[in-house]
Protein chains: 2
Amino acid sequence: MFRTNTCGELRLEDKGKKVTLAGWVQRVRNMGSTLNFIDLRDRYGITQISTGDTTVKDVLDTVQTLGREFVIQVEGEVAERESKNLKIPTGEIEIRAEKITILNNAATPPFTIEDQTDGGEDLRAKFRYLDLRRNPLKNAITLRHEMAIQTRKYLDSKGFLEIETPFLIKSTPEGARDFVVPSRMNPGEFYALPQSPQTFKQLLMVAGFDRYFQIVRCFRDEDLRADRQPEFTQIDCEMSFVEREDIFQMFEGLTKHLFKEVLGLEFAEQFPRISYEYAMEKYGSDKPDIRFEMLIQDVTQELKGNGFSVFDNASYIGAIVAKGCAGYSRKQLDELTAWVKRPQIGAQGLVYIKRDSEIKSSVDKFYSPEQLTSLCEKIGAGQGDLVLILCGEKKKTLGALGTLRLEMGSRLGLRDNSVYKPLWVCDFPLLEWDEETQRFYAMHHPFTSPKPEDLEKFYSDNPAELGQVKANAYDIVLNGNEIGGGSIRIHDRKVQERMFEILGFTHEQAEYRFGFLMNAFKYGAPPHGGIAFGFDRLCALFGGEETIRDFIAFPKNNMGRDVMADAPSRIDDAQMDELYIKSCPPAKQ
Amino acid sequence: MFRTNTCGELRLEDKGKKVTLAGWVQRVRNMGSTLNFIDLRDRYGITQISTGDTTVKDVLDTVQTLGREFVIQVEGEVAERESKNLKIPTGEIEIRAEKITILNNAATPPFTIEDQTDGGEDLRAKFRYLDLRRNPLKNAITLRHEMAIQTRKYLDSKGFLEIETPFLIKSTPEGARDFVVPSRMNPGEFYALPQSPQTFKQLLMVAGFDRYFQIVRCFRDEDLRADRQPEFTQIDCEMSFVEREDIFQMFEGLTKHLFKEVLGLEFAEQFPRISYEYAMEKYGSDKPDIRFEMLIQDVTQELKGNGFSVFDNASYIGAIVAKGCAGYSRKQLDELTAWVKRPQIGAQGLVYIKRDSEIKSSVDKFYSPEQLTSLCEKIGAGQGDLVLILCGEKKKTLGALGTLRLEMGSRLGLRDNSVYKPLWVCDFPLLEWDEETQRFYAMHHPFTSPKPEDLEKFYSDNPAELGQVKANAYDIVLNGNEIGGGSIRIHDRKVQERMFEILGFTHEQAEYRFGFLMNAFKYGAPPHGGIAFGFDRLCALFGGEETIRDFIAFPKNNMGRDVMADAPSRIDDAQMDELYIKSCPPAKQ
């Protein structure tokens, strides 16, 4: 027993107790002669250790040798502090040190172990184990634990079984790239790491486990965009004998449970449900941030045909209203125009209308003040508001307006990370046409069922009709982030065969890749559906952060490297020989 | 909503209720004209569906088309059965069918979905999703879920955080072979899949997370012995500021919690603790089955020097007493002799003493009845008992006696799988000398600390002294199986460097493989230790089984293949090109 108590638990009631603590030296303050204060830190908090006139010389000598991050054990008596620190729970007491044992010394850490550290990102990544000592990361990892515990508690209470599915599976290249694992015992053959347990969870439904879940690692060998990881964690769920409404009830329930148990937030109302089409039209995004309004409004009819050629040539004109922004300066508007013209957004230009004491716009030449006022009235732009207008091809313009909307929301402080606005988005298209490869791709994945009312179109030979088929799929969205998505699956072998046919698989290809699932469907597959939540993102959002990296104990960088352990790395030729592979990297340049 | 109730929950109290059930057709019994019984099955049980004179024709027609494993939905009224089946919880009621909808049909399954099936092992593996419908497997998977839930409940209540560690890590070839994963973004480099999260959990201790656990998949590319899997699951745990006794308390607590919550068994007493040396001397095994006594007894002194050259030339003679087996026939003893001579055991022969009305032995020529009786008295062989004696080199003979002991225990019915006898085995040797490579290997792993009292020997240059160093390591053993093992770790950089030196690593090798851990030890590593439980085995034992395969939803076969999905498999050349590898399997023979 190295300690009787943690550094976070002693209070004034414990005064007089003999205790032993162990932890890290946060700092030592030498106040002259025998008076010293040590802030001793562990996972649970910080407790002040003190020495004074009555402290034995040994202890005083030891204190002189202590440096930051030394690991020490302290025996002493809990005493009331003279000058209390009411900002921390242990701030009313201190430990009068009677014995100090150095358990391990420490070199000076390469950056300060403080909430605001002086260490840069690369340095902190390399010394991740030190960065994890800082409160923001410690709290993130602790929150993640709590999220997992509460997820399991809820799903267990609803009769879900957590069932582990394999990590060494068959490579079925469709969608993202697989990570592969050469097999030593099966020369020339490879396992793949799962991009998700999709087929296995469907097989579990065929097996009769009607409520399955798993908090599970998944792998995708994609070029990493900011804030994507090659390995990530899902809350993966599947249910049998359900329709979409059952899924909504169950997993809205899970989300509300997490809000309540982890953040203390109650959601009495049902989450809003909107269609993919509505989301695209009104928010320019399939993952709308509904913490604020500022809906996109179609003003094509109102603004076309007045001689302004940019508008006249556009197939779509859309506007958003930024409340109270009529005072934006020329400079601010120029800057905003430059912002929407960046290639990431790609707008051709930005038209504004300021409705202040008088009405002003960048297209005054083409529209009378009355016309502009009437437009403002129509789209709800009142006195003091700013209207921002983009135009062009509809889909692209909606996307640009959506991004502009988020930006204006941020600038206006309407996107408070402690406010949570979840919703469901549904009725996605089933298929996406790819011009380059001239084929349809499954928008969700090839196991998603078409909506029952669209079954006729699903069997049509007309690509236009196929493109109209809606999927029985849904996403759950939080503050502009997709936190989960799923669908009612195909459980009929014939429908599944038709789906593979639409995707351009030959019978042999379908058989080779998904034969075992197709085969399983022969033997009594129940109707089923499910959902998967992105656990890393969910934790980050619950922690009030936009980036996931701090919510993963040991993340990879943008090149997929663990810079702490220096992985990946070269391996021996002998090891490769055993695996029947040769490494052939390109010659260094 | 496909159902109002499951097939396991309706009782006589529900009589008269209108319900909807959904599930699989276990069997249809056509009793003539309108009378039919359908056993409808789901994960929760079986409910009888009936038709009769008042049933509409549509329903009767549908019943005629039903086959085994069809998925159907039944609407009807709960009624009291005429002939009750009190063996099942739903056996007092039936559902009078008013509507039957076929949700999916089913081809005749390749084997019967019954507790005792007619399907062979290979067939069942191929159709794993059907095998999982059978009660023994369904119960095994359900038990596994419960074990995981209870493990998390206990550890969470003790302040442990579940922290996910990476799966794409650095290859550090020491011990078993790594599975490796070529990196596309880092040409010529490979990740490894973790054999355990050992280094990461130690880094988490350095990071200050003083109580960590994870139920986590691990990977080992070993030639598969019976009942070993290339991927397996551990309950992986680590604690800071602890000594061995703290670990014993905490994880004995976990084990008792699982026994109580999952099996309803209370263990009031502390688990026995024995040394490795005692285990080897008395049980011939480091994982003794203590459900029965039959200890190995050293009879070298007693039996040597009487002119029986086999004994006289042996360095060790050991005996076990099989209670009540004096009646063993010549044939039985011959068979037992052949059994111990098999290469797996490798004994030269078997000597017996039968203590019945008279005393008889296979070495009557060399020992007087008085000598044999006196020996029997000494080792506790009474009237009616059989003494079995092996001799030879001590370690090998103890091992053979240990195996014989288990065999006799089984034959005497002393190894009841519903009786649980856990214990701790500790004080293992730290190092094992390997004659072939002429070097020491870590018996546990290179991060295990030597026992404090052996530190002097640990720094000795004398291999004999090094061989005597005891490790601060421990195993938890249940019914002859190691269910967990761990150690107090080295937390001092210098001790760790000495360990690597003993293992024959150059400074560079140690740095390359474990540099990040060694580096971490510079910055204030706390004293720490941990344990990992083999979760698959633990579940199997709690389920009363010896083999793990049924406790894994989708296991691999002995060649590491998933015969259901047919993995591993070949991948495209294009995929390999992207990964900068070439496959070079040996030419087929």
# chains A, B, ... in the order shown; residues from 1 in each chain; ligands from 1
call {"tool": "residues_around", "arguments": {"residues": "Glu393 (chain A)", "least_positions_apart": "4", "cutoff": "8 Å", "atoms": "only C-alpha atoms", "output": "PyMOL selection string"}}
result
chain A and resi 314-316+397
call {"tool": "closest_atom_pairs", "arguments": {"of": "chain B", "to": "chain A", "cutoff": "6 Å", "atoms": "only C-alpha atoms", "output": "tab-separated table"}}
result
residue	atom	partner	partner_atom	distance
B:Met1	CA	A:Val242	CA	5.8
B:Phe2	CA	A:Phe241	CA	5.3
B:Arg43	CA	A:Gly208	CA	5.9
B:Glu69	CA	A:Gly524	CA	5.7
B:Phe70	CA	A:Gly524	CA	5.4
B:Val71	CA	A:Gly524	CA	5.6
B:Asn104	CA	A:Gly524	CA	5.7
B:Asn105	CA	A:Gly524	CA	5.6
B:Ala106	CA	A:Tyr523	CA	4.2
B:Ala107	CA	A:Tyr523	CA	5.3
B:Tyr129	CA	A:Ala207	CA	4.7
B:Leu130	CA	A:Ala207	CA	5.7
B:Leu132	CA	A:Ala207	CA	5.5
B:Arg133	CA	A:Ala207	CA	5.1
B:His145	CA	A:Glu162	CA	5.5
B:Leu161	CA	A:His145	CA	5.8
B:Glu162	CA	A:His145	CA	5.5
B:Ile169	CA	A:Ala567	CA	5.9
B:Lys170	CA	A:Ala567	CA	4.7
B:Val180	CA	A:Val181	CA	5.9
B:Val181	CA	A:Val181	CA	5.0
B:Pro187	CA	A:Pro585	CA	5.1
B:Gly188	CA	A:Pro585	CA	4.9
B:Glu189	CA	A:Arg570	CA	4.6
B:Phe190	CA	A:Pro568	CA	4.9
B:Tyr191	CA	A:Pro568	CA	4.5
B:Leu203	CA	A:Tyr129	CA	5.9
B:Ala207	CA	A:Tyr129	CA	4.7
B:Gly208	CA	A:Arg43	CA	5.9
B:Phe241	CA	A:Phe2	CA	5.3
B:Val242	CA	A:Met1	CA	5.8
B:Phe516	CA	A:Ala565	CA	5.7
B:Lys522	CA	A:Ala106	CA	5.5
B:Tyr523	CA	A:Ala106	CA	4.2
B:Gly524	CA	A:Ala106	CA	4.6
B:Ala565	CA	A:Phe516	CA	5.6
B:Ala567	CA	A:Lys170	CA	4.7
B:Pro568	CA	A:Tyr191	CA	4.5
B:Ser569	CA	A:Glu189	CA	4.6
B:Arg570	CA	A:Glu189	CA	4.6
B:Tyr580	CA	A:Cys584	CA	5.0
B:Ile581	CA	A:Ser583	CA	4.5
B:Lys582	CA	A:Lys582	CA	5.0
B:Ser583	CA	A:Ile581	CA	4.5
B:Cys584	CA	A:Tyr580	CA	5.0
B:Pro585	CA	A:Gly188	CA	4.9
call {"tool": "residues_around", "arguments": {"residues": "Leu12 (chain B)", "least_positions_apart": "6", "cutoff": "8 Å", "atoms": "only C-alpha atoms", "output": "list in words"}}
result
Ala79, Glu80, Glu92 and Ile93 of chain B
call {"tool": "residues_around", "arguments": {"residues": "region 252-256 of chain B", "least_positions_apart": "2", "cutoff": "8 Å", "atoms": "only C-alpha atoms", "output": "list in words"}}
result
Thr151, Tyr154, Leu155, Phe248, Gln249, Met250, Leu258, Phe259, Lys260, Glu266, Phe267 and Phe271 of chain B
call {"tool": "write_last_selection", "arguments": {"atoms": "all heavy atoms", "output": "short mmCIF file (atom, residue, chain, number, x, y, z; two decimals), in the first residue's frame"}}
result
data_model
loop_
_atom_site.label_atom_id
_atom_site.label_comp_id
_atom_site.auth_asym_id
_atom_site.auth_seq_id
_atom_site.Cartn_x
_atom_site.Cartn_y
_atom_site.Cartn_z
N THR B 151 -17.68 -7.44 -15.52
CA THR B 151 -16.27 -7.03 -15.38
C THR B 151 -16.18 -5.51 -15.36
O THR B 151 -15.52 -4.91 -14.50
CB THR B 151 -15.44 -7.59 -16.54
OG1 THR B 151 -15.49 -9.02 -16.49
CG2 THR B 151 -13.99 -7.13 -16.46
N TYR B 154 -17.67 -3.93 -12.12
CA TYR B 154 -16.77 -4.02 -10.97
C TYR B 154 -15.62 -3.02 -11.09
O TYR B 154 -15.35 -2.25 -10.16
CB TYR B 154 -16.23 -5.44 -10.84
CG TYR B 154 -15.21 -5.63 -9.73
CD1 TYR B 154 -15.62 -5.89 -8.43
CD2 TYR B 154 -13.84 -5.52 -9.98
CE1 TYR B 154 -14.69 -6.05 -7.40
CE2 TYR B 154 -12.90 -5.68 -8.97
CZ TYR B 154 -13.33 -5.95 -7.68
OH TYR B 154 -12.41 -6.10 -6.67
N LEU B 155 -14.95 -3.04 -12.23
CA LEU B 155 -13.75 -2.21 -12.37
C LEU B 155 -14.11 -0.72 -12.36
O LEU B 155 -13.41 0.10 -11.78
CB LEU B 155 -12.97 -2.60 -13.63
CG LEU B 155 -12.35 -4.00 -13.55
CD1 LEU B 155 -11.75 -4.41 -14.90
CD2 LEU B 155 -11.27 -4.08 -12.46
N PHE B 248 -3.54 -8.65 -5.75
CA PHE B 248 -4.28 -9.84 -5.31
C PHE B 248 -5.68 -9.45 -4.81
O PHE B 248 -6.68 -10.04 -5.19
CB PHE B 248 -3.53 -10.57 -4.19
CG PHE B 248 -2.36 -11.40 -4.67
CD1 PHE B 248 -1.57 -12.09 -3.76
CD2 PHE B 248 -2.07 -11.52 -6.02
CE1 PHE B 248 -0.50 -12.87 -4.18
CE2 PHE B 248 -1.01 -12.30 -6.46
CZ PHE B 248 -0.22 -12.98 -5.54
N GLN B 249 -5.73 -8.45 -3.95
CA GLN B 249 -7.02 -8.03 -3.38
C GLN B 249 -8.00 -7.60 -4.48
O GLN B 249 -9.16 -8.00 -4.50
CB GLN B 249 -6.83 -6.85 -2.42
CG GLN B 249 -6.04 -7.17 -1.16
CD GLN B 249 -6.76 -8.16 -0.25
OE1 GLN B 249 -7.98 -8.24 -0.27
NE2 GLN B 249 -6.01 -8.93 0.50
N MET B 250 -7.50 -6.75 -5.36
CA MET B 250 -8.37 -6.16 -6.37
C MET B 250 -8.92 -7.21 -7.34
O MET B 250 -10.11 -7.22 -7.66
CB MET B 250 -7.59 -5.09 -7.15
CG MET B 250 -8.41 -4.33 -8.17
SD MET B 250 -9.76 -3.39 -7.42
CE MET B 250 -8.85 -2.05 -6.64
N LEU B 258 -17.45 -11.82 -10.29
CA LEU B 258 -17.97 -12.55 -11.47
C LEU B 258 -18.64 -13.86 -11.04
O LEU B 258 -19.73 -14.19 -11.52
CB LEU B 258 -16.84 -12.84 -12.46
CG LEU B 258 -16.28 -11.61 -13.19
CD1 LEU B 258 -15.07 -11.99 -14.04
CD2 LEU B 258 -17.36 -10.97 -14.07
N PHE B 259 -18.00 -14.59 -10.13
CA PHE B 259 -18.62 -15.83 -9.65
C PHE B 259 -19.99 -15.54 -9.05
O PHE B 259 -20.95 -16.25 -9.30
CB PHE B 259 -17.73 -16.50 -8.59
CG PHE B 259 -16.66 -17.39 -9.16
CD1 PHE B 259 -15.32 -17.18 -8.85
CD2 PHE B 259 -16.98 -18.44 -10.00
CE1 PHE B 259 -14.33 -18.00 -9.38
CE2 PHE B 259 -16.01 -19.27 -10.53
CZ PHE B 259 -14.67 -19.04 -10.21
N LYS B 260 -20.07 -14.48 -8.29
CA LYS B 260 -21.32 -14.19 -7.60
C LYS B 260 -22.40 -13.70 -8.58
O LYS B 260 -23.52 -14.22 -8.58
CB LYS B 260 -21.06 -13.11 -6.54
CG LYS B 260 -22.29 -12.81 -5.73
CD LYS B 260 -21.98 -12.06 -4.47
CE LYS B 260 -23.30 -11.71 -3.80
NZ LYS B 260 -23.26 -10.43 -3.14
N GLU B 266 -20.77 -17.90 -4.08
CA GLU B 266 -20.09 -17.02 -3.13
C GLU B 266 -18.76 -17.65 -2.70
O GLU B 266 -18.73 -18.83 -2.34
CB GLU B 266 -20.95 -16.83 -1.87
CG GLU B 266 -22.27 -16.15 -2.13
CD GLU B 266 -22.24 -14.66 -1.78
OE1 GLU B 266 -21.13 -14.13 -1.52
OE2 GLU B 266 -23.32 -14.04 -1.79
N PHE B 267 -17.71 -16.86 -2.73
CA PHE B 267 -16.42 -17.33 -2.22
C PHE B 267 -16.04 -16.47 -1.03
O PHE B 267 -15.60 -15.33 -1.20
CB PHE B 267 -15.33 -17.21 -3.29
CG PHE B 267 -15.40 -18.30 -4.33
CD1 PHE B 267 -16.34 -18.25 -5.35
CD2 PHE B 267 -14.54 -19.38 -4.27
CE1 PHE B 267 -16.42 -19.25 -6.29
CE2 PHE B 267 -14.60 -20.38 -5.21
CZ PHE B 267 -15.55 -20.32 -6.23
N PHE B 271 -8.52 -16.83 -1.77
CA PHE B 271 -8.01 -17.88 -2.67
C PHE B 271 -6.66 -18.37 -2.15
O PHE B 271 -5.85 -17.56 -1.68
CB PHE B 271 -7.80 -17.34 -4.09
CG PHE B 271 -9.06 -16.91 -4.81
CD1 PHE B 271 -8.97 -16.25 -6.03
CD2 PHE B 271 -10.33 -17.17 -4.30
CE1 PHE B 271 -10.12 -15.84 -6.72
CE2 PHE B 271 -11.47 -16.76 -4.98
CZ PHE B 271 -11.36 -16.10 -6.19
#
call {"tool": "closest_residue", "arguments": {"among": "A:Ile359, A:Leu10, A:Ala442, A:Cys539", "to": "Glu94 (chain A)", "atoms": "only C-alpha atoms"}}
result
A:Leu10
call {"tool": "atom_distance", "arguments": {"atom1": "CA of Gly534 (chain B)", "atom2": "CA of Tyr283 (chain B)"}}
result
22.1 Å
call {"tool": "residues_around", "arguments": {"residues": "Ala326 (chain B)", "least_positions_apart": "6", "cutoff": "6 Å", "atoms": "only C-alpha atoms", "output": "list in words"}}
result
Lys354, Arg355, Asp356, Gly384, Asp385 and Leu386 of chain B
call {"tool": "write_last_selection", "arguments": {"atoms": "all heavy atoms", "output": "mmCIF file, in the first residue's frame"}}
result
data_model
loop_
_atom_site.group_PDB
_atom_site.id
_atom_site.type_symbol
_atom_site.label_atom_id
_atom_site.label_comp_id
_atom_site.auth_asym_id
_atom_site.auth_seq_id
_atom_site.Cartn_x
_atom_site.Cartn_y
_atom_site.Cartn_z
ATOM 1 N N LYS B 354 -1.011 -52.037 -5.440
ATOM 2 C CA LYS B 354 -2.422 -52.161 -5.065
ATOM 3 C C LYS B 354 -2.480 -52.534 -3.593
ATOM 4 O O LYS B 354 -1.909 -53.544 -3.192
ATOM 5 C CB LYS B 354 -3.089 -53.300 -5.840
ATOM 6 C CG LYS B 354 -3.295 -53.094 -7.317
ATOM 7 C CD LYS B 354 -4.013 -54.344 -7.855
ATOM 8 C CE LYS B 354 -4.218 -54.314 -9.342
ATOM 9 N NZ LYS B 354 -4.910 -55.539 -9.804
ATOM 10 N N ARG B 355 -3.159 -51.727 -2.798
ATOM 11 C CA ARG B 355 -3.288 -52.092 -1.376
ATOM 12 C C ARG B 355 -4.716 -52.558 -1.146
ATOM 13 O O ARG B 355 -5.619 -51.774 -0.906
ATOM 14 C CB ARG B 355 -2.960 -50.900 -0.491
ATOM 15 C CG ARG B 355 -2.823 -51.326 0.962
ATOM 16 C CD ARG B 355 -2.511 -50.163 1.874
ATOM 17 N NE ARG B 355 -2.208 -50.677 3.212
ATOM 18 C CZ ARG B 355 -2.073 -49.937 4.281
ATOM 19 N NH1 ARG B 355 -2.191 -48.620 4.203
ATOM 20 N NH2 ARG B 355 -1.803 -50.479 5.448
ATOM 21 N N ASP B 356 -4.870 -53.872 -1.255
ATOM 22 C CA ASP B 356 -6.194 -54.452 -1.061
ATOM 23 C C ASP B 356 -6.107 -55.367 0.160
ATOM 24 O O ASP B 356 -5.325 -55.093 1.054
ATOM 25 C CB ASP B 356 -6.579 -55.204 -2.342
ATOM 26 C CG ASP B 356 -8.058 -55.000 -2.656
ATOM 27 O OD1 ASP B 356 -8.804 -54.618 -1.742
ATOM 28 O OD2 ASP B 356 -8.440 -55.209 -3.813
ATOM 29 N N GLY B 384 -7.653 -50.445 -0.208
ATOM 30 C CA GLY B 384 -8.455 -50.204 -1.411
ATOM 31 C C GLY B 384 -7.852 -49.188 -2.362
ATOM 32 O O GLY B 384 -8.408 -48.927 -3.431
ATOM 33 N N ASP B 385 -6.712 -48.623 -1.990
ATOM 34 C CA ASP B 385 -6.125 -47.591 -2.844
ATOM 35 C C ASP B 385 -5.065 -48.157 -3.784
ATOM 36 O O ASP B 385 -4.502 -49.227 -3.559
ATOM 37 C CB ASP B 385 -5.506 -46.481 -1.989
ATOM 38 C CG ASP B 385 -6.568 -45.732 -1.191
ATOM 39 O OD1 ASP B 385 -7.769 -45.906 -1.501
ATOM 40 O OD2 ASP B 385 -6.195 -44.998 -0.252
ATOM 41 N N LEU B 386 -4.808 -47.363 -4.802
ATOM 42 C CA LEU B 386 -3.805 -47.741 -5.808
ATOM 43 C C LEU B 386 -2.730 -46.657 -5.828
ATOM 44 O O LEU B 386 -3.036 -45.466 -5.894
ATOM 45 C CB LEU B 386 -4.486 -47.824 -7.183
ATOM 46 C CG LEU B 386 -3.601 -48.043 -8.410
ATOM 47 C CD1 LEU B 386 -3.011 -49.457 -8.413
ATOM 48 C CD2 LEU B 386 -4.400 -47.796 -9.694
#
call {"tool": "residues_around", "arguments": {"residues": "Thr34 (chain A)", "least_positions_apart": "5", "cutoff": "8 Å", "atoms": "only C-alpha atoms", "output": "tab-separated table (two decimals) with all heavy atoms, in the first residue's frame"}}
result
chain	number	residue	atom	x	y	z
A	51	THR	N	5.90	21.98	4.96
A	51	THR	CA	6.89	21.75	6.01
A	51	THR	C	6.98	23.03	6.83
A	51	THR	O	6.60	24.10	6.37
A	51	THR	CB	8.28	21.43	5.42
A	51	THR	OG1	8.72	22.58	4.67
A	51	THR	CG2	8.24	20.22	4.51
A	52	GLY	N	7.49	22.91	8.05
A	52	GLY	CA	7.60	24.09	8.92
A	52	GLY	C	8.67	23.88	9.96
A	52	GLY	O	9.55	23.00	9.81
A	53	ASP	N	8.61	24.66	11.03
A	53	ASP	CA	9.64	24.64	12.07
A	53	ASP	C	9.80	23.27	12.71
A	53	ASP	O	10.89	22.88	13.11
A	53	ASP	CB	9.27	25.65	13.19
A	53	ASP	CG	9.52	27.07	12.71
A	53	ASP	OD1	10.19	27.22	11.66
A	53	ASP	OD2	9.03	28.00	13.37
A	55	THR	N	9.33	20.37	11.32
A	55	THR	CA	9.65	19.29	10.38
A	55	THR	C	11.08	18.80	10.58
A	55	THR	O	12.00	19.62	10.79
A	55	THR	CB	9.49	19.79	8.92
A	55	THR	OG1	8.20	20.37	8.78
A	55	THR	CG2	9.65	18.64	7.94
A	60	LEU	N	13.26	18.03	5.29
A	60	LEU	CA	13.64	19.32	4.69
A	60	LEU	C	14.72	19.14	3.64
A	60	LEU	O	14.67	19.75	2.57
A	60	LEU	CB	14.11	20.29	5.79
A	60	LEU	CG	13.02	20.74	6.77
A	60	LEU	CD1	13.63	21.54	7.92
A	60	LEU	CD2	11.95	21.56	6.05
call {"tool": "residues_around", "arguments": {"residues": "Glu497 (chain A)", "least_positions_apart": "4", "cutoff": "9 Å", "atoms": "only C-alpha atoms", "output": "ChimeraX atom specification"}}
result
/A:492-493,501-502,507,510,518
call {"tool": "select_by_dssp", "arguments": {"residues": "region 397-536 of chain A", "states": "helix (DSSP H, G or I)", "output": "MDAnalysis selection string"}}
result
chainID A and resid 397:411 452:458 463:468 493:502 507:520 535:536
call {"tool": "select_by_dssp", "arguments": {"residues": "region 372-576 of chain B", "states": "strand (DSSP E or B)", "output": "ChimeraX atom specification"}}
result
/B:385-392,422-426,429,431-434,439-442,448,450,470-471,473-478,481-489,523,528-534,562,567,569
call {"tool": "closest_residue", "arguments": {"among": "B:Gln48, B:Asn30, B:Ser157, B:Ser83", "to": "Thr65 (chain B)", "atoms": "only C-alpha atoms"}}
result
B:Asn30
call {"tool": "closest_residue", "arguments": {"among": "B:Gln234, B:Gln468, B:Ser487, B:Ser418", "to": "Pro446 (chain B)", "atoms": "only C-alpha atoms"}}
result
B:Ser487
call {"tool": "decode", "arguments": {"residues": "region 336-347 of chain A", "atoms": "N, CA, C and O atoms", "output": "PDB file, in the first residue's frame"}}
result
ATOM      1  N   LEU A 336     -15.207  38.976 -46.573  1.00  0.00           N
ATOM      2  CA  LEU A 336     -16.174  37.880 -46.680  1.00  0.00           C
ATOM      3  C   LEU A 336     -16.278  37.395 -48.133  1.00  0.00           C
ATOM      4  O   LEU A 336     -16.396  36.198 -48.402  1.00  0.00           O
ATOM      5  N   THR A 337     -16.212  38.359 -49.063  1.00  0.00           N
ATOM      6  CA  THR A 337     -16.265  37.996 -50.478  1.00  0.00           C
ATOM      7  C   THR A 337     -15.047  37.149 -50.856  1.00  0.00           C
ATOM      8  O   THR A 337     -15.168  36.114 -51.527  1.00  0.00           O
ATOM      9  N   ALA A 338     -13.883  37.571 -50.379  1.00  0.00           N
ATOM     10  CA  ALA A 338     -12.664  36.794 -50.639  1.00  0.00           C
ATOM     11  C   ALA A 338     -12.795  35.401 -50.033  1.00  0.00           C
ATOM     12  O   ALA A 338     -12.384  34.392 -50.617  1.00  0.00           O
ATOM     13  N   TRP A 339     -13.405  35.362 -48.860  1.00  0.00           N
ATOM     14  CA  TRP A 339     -13.566  34.090 -48.138  1.00  0.00           C
ATOM     15  C   TRP A 339     -14.423  33.102 -48.953  1.00  0.00           C
ATOM     16  O   TRP A 339     -14.081  31.937 -49.085  1.00  0.00           O
ATOM     17  N   VAL A 340     -15.545  33.575 -49.527  1.00  0.00           N
ATOM     18  CA  VAL A 340     -16.402  32.647 -50.284  1.00  0.00           C
ATOM     19  C   VAL A 340     -15.807  32.302 -51.649  1.00  0.00           C
ATOM     20  O   VAL A 340     -16.188  31.323 -52.262  1.00  0.00           O
ATOM     21  N   LYS A 341     -14.829  33.100 -52.089  1.00  0.00           N
ATOM     22  CA  LYS A 341     -14.203  32.804 -53.381  1.00  0.00           C
ATOM     23  C   LYS A 341     -13.057  31.800 -53.268  1.00  0.00           C
ATOM     24  O   LYS A 341     -12.534  31.342 -54.280  1.00  0.00           O
ATOM     25  N   ARG A 342     -12.655  31.488 -52.015  1.00  0.00           N
ATOM     26  CA  ARG A 342     -11.573  30.507 -51.845  1.00  0.00           C
ATOM     27  C   ARG A 342     -11.981  29.192 -52.500  1.00  0.00           C
ATOM     28  O   ARG A 342     -13.176  28.861 -52.545  1.00  0.00           O
ATOM     29  N   PRO A 343     -10.997  28.430 -53.007  1.00  0.00           N
ATOM     30  CA  PRO A 343     -11.350  27.201 -53.741  1.00  0.00           C
ATOM     31  C   PRO A 343     -12.174  26.225 -52.893  1.00  0.00           C
ATOM     32  O   PRO A 343     -13.004  25.499 -53.432  1.00  0.00           O
ATOM     33  N   GLN A 344     -11.978  26.205 -51.564  1.00  0.00           N
ATOM     34  CA  GLN A 344     -12.760  25.281 -50.724  1.00  0.00           C
ATOM     35  C   GLN A 344     -14.253  25.548 -50.847  1.00  0.00           C
ATOM     36  O   GLN A 344     -15.073  24.662 -50.650  1.00  0.00           O
ATOM     37  N   ILE A 345     -14.626  26.824 -51.137  1.00  0.00           N
ATOM     38  CA  ILE A 345     -16.043  27.156 -51.261  1.00  0.00           C
ATOM     39  C   ILE A 345     -16.392  27.394 -52.727  1.00  0.00           C
ATOM     40  O   ILE A 345     -17.361  26.854 -53.243  1.00  0.00           O
ATOM     41  N   GLY A 346     -15.560  28.187 -53.399  1.00  0.00           N
ATOM     42  CA  GLY A 346     -15.665  28.271 -54.858  1.00  0.00           C
ATOM     43  C   GLY A 346     -16.820  29.097 -55.392  1.00  0.00           C
ATOM     44  O   GLY A 346     -17.265  28.873 -56.510  1.00  0.00           O
ATOM     45  N   ALA A 347     -17.319  30.050 -54.600  1.00  0.00           N
ATOM     46  CA  ALA A 347     -18.352  30.937 -55.135  1.00  0.00           C
ATOM     47  C   ALA A 347     -17.703  31.945 -56.082  1.00  0.00           C
ATOM     48  O   ALA A 347     -16.508  32.238 -55.982  1.00  0.00           O
TER      49      ALA A 347
END
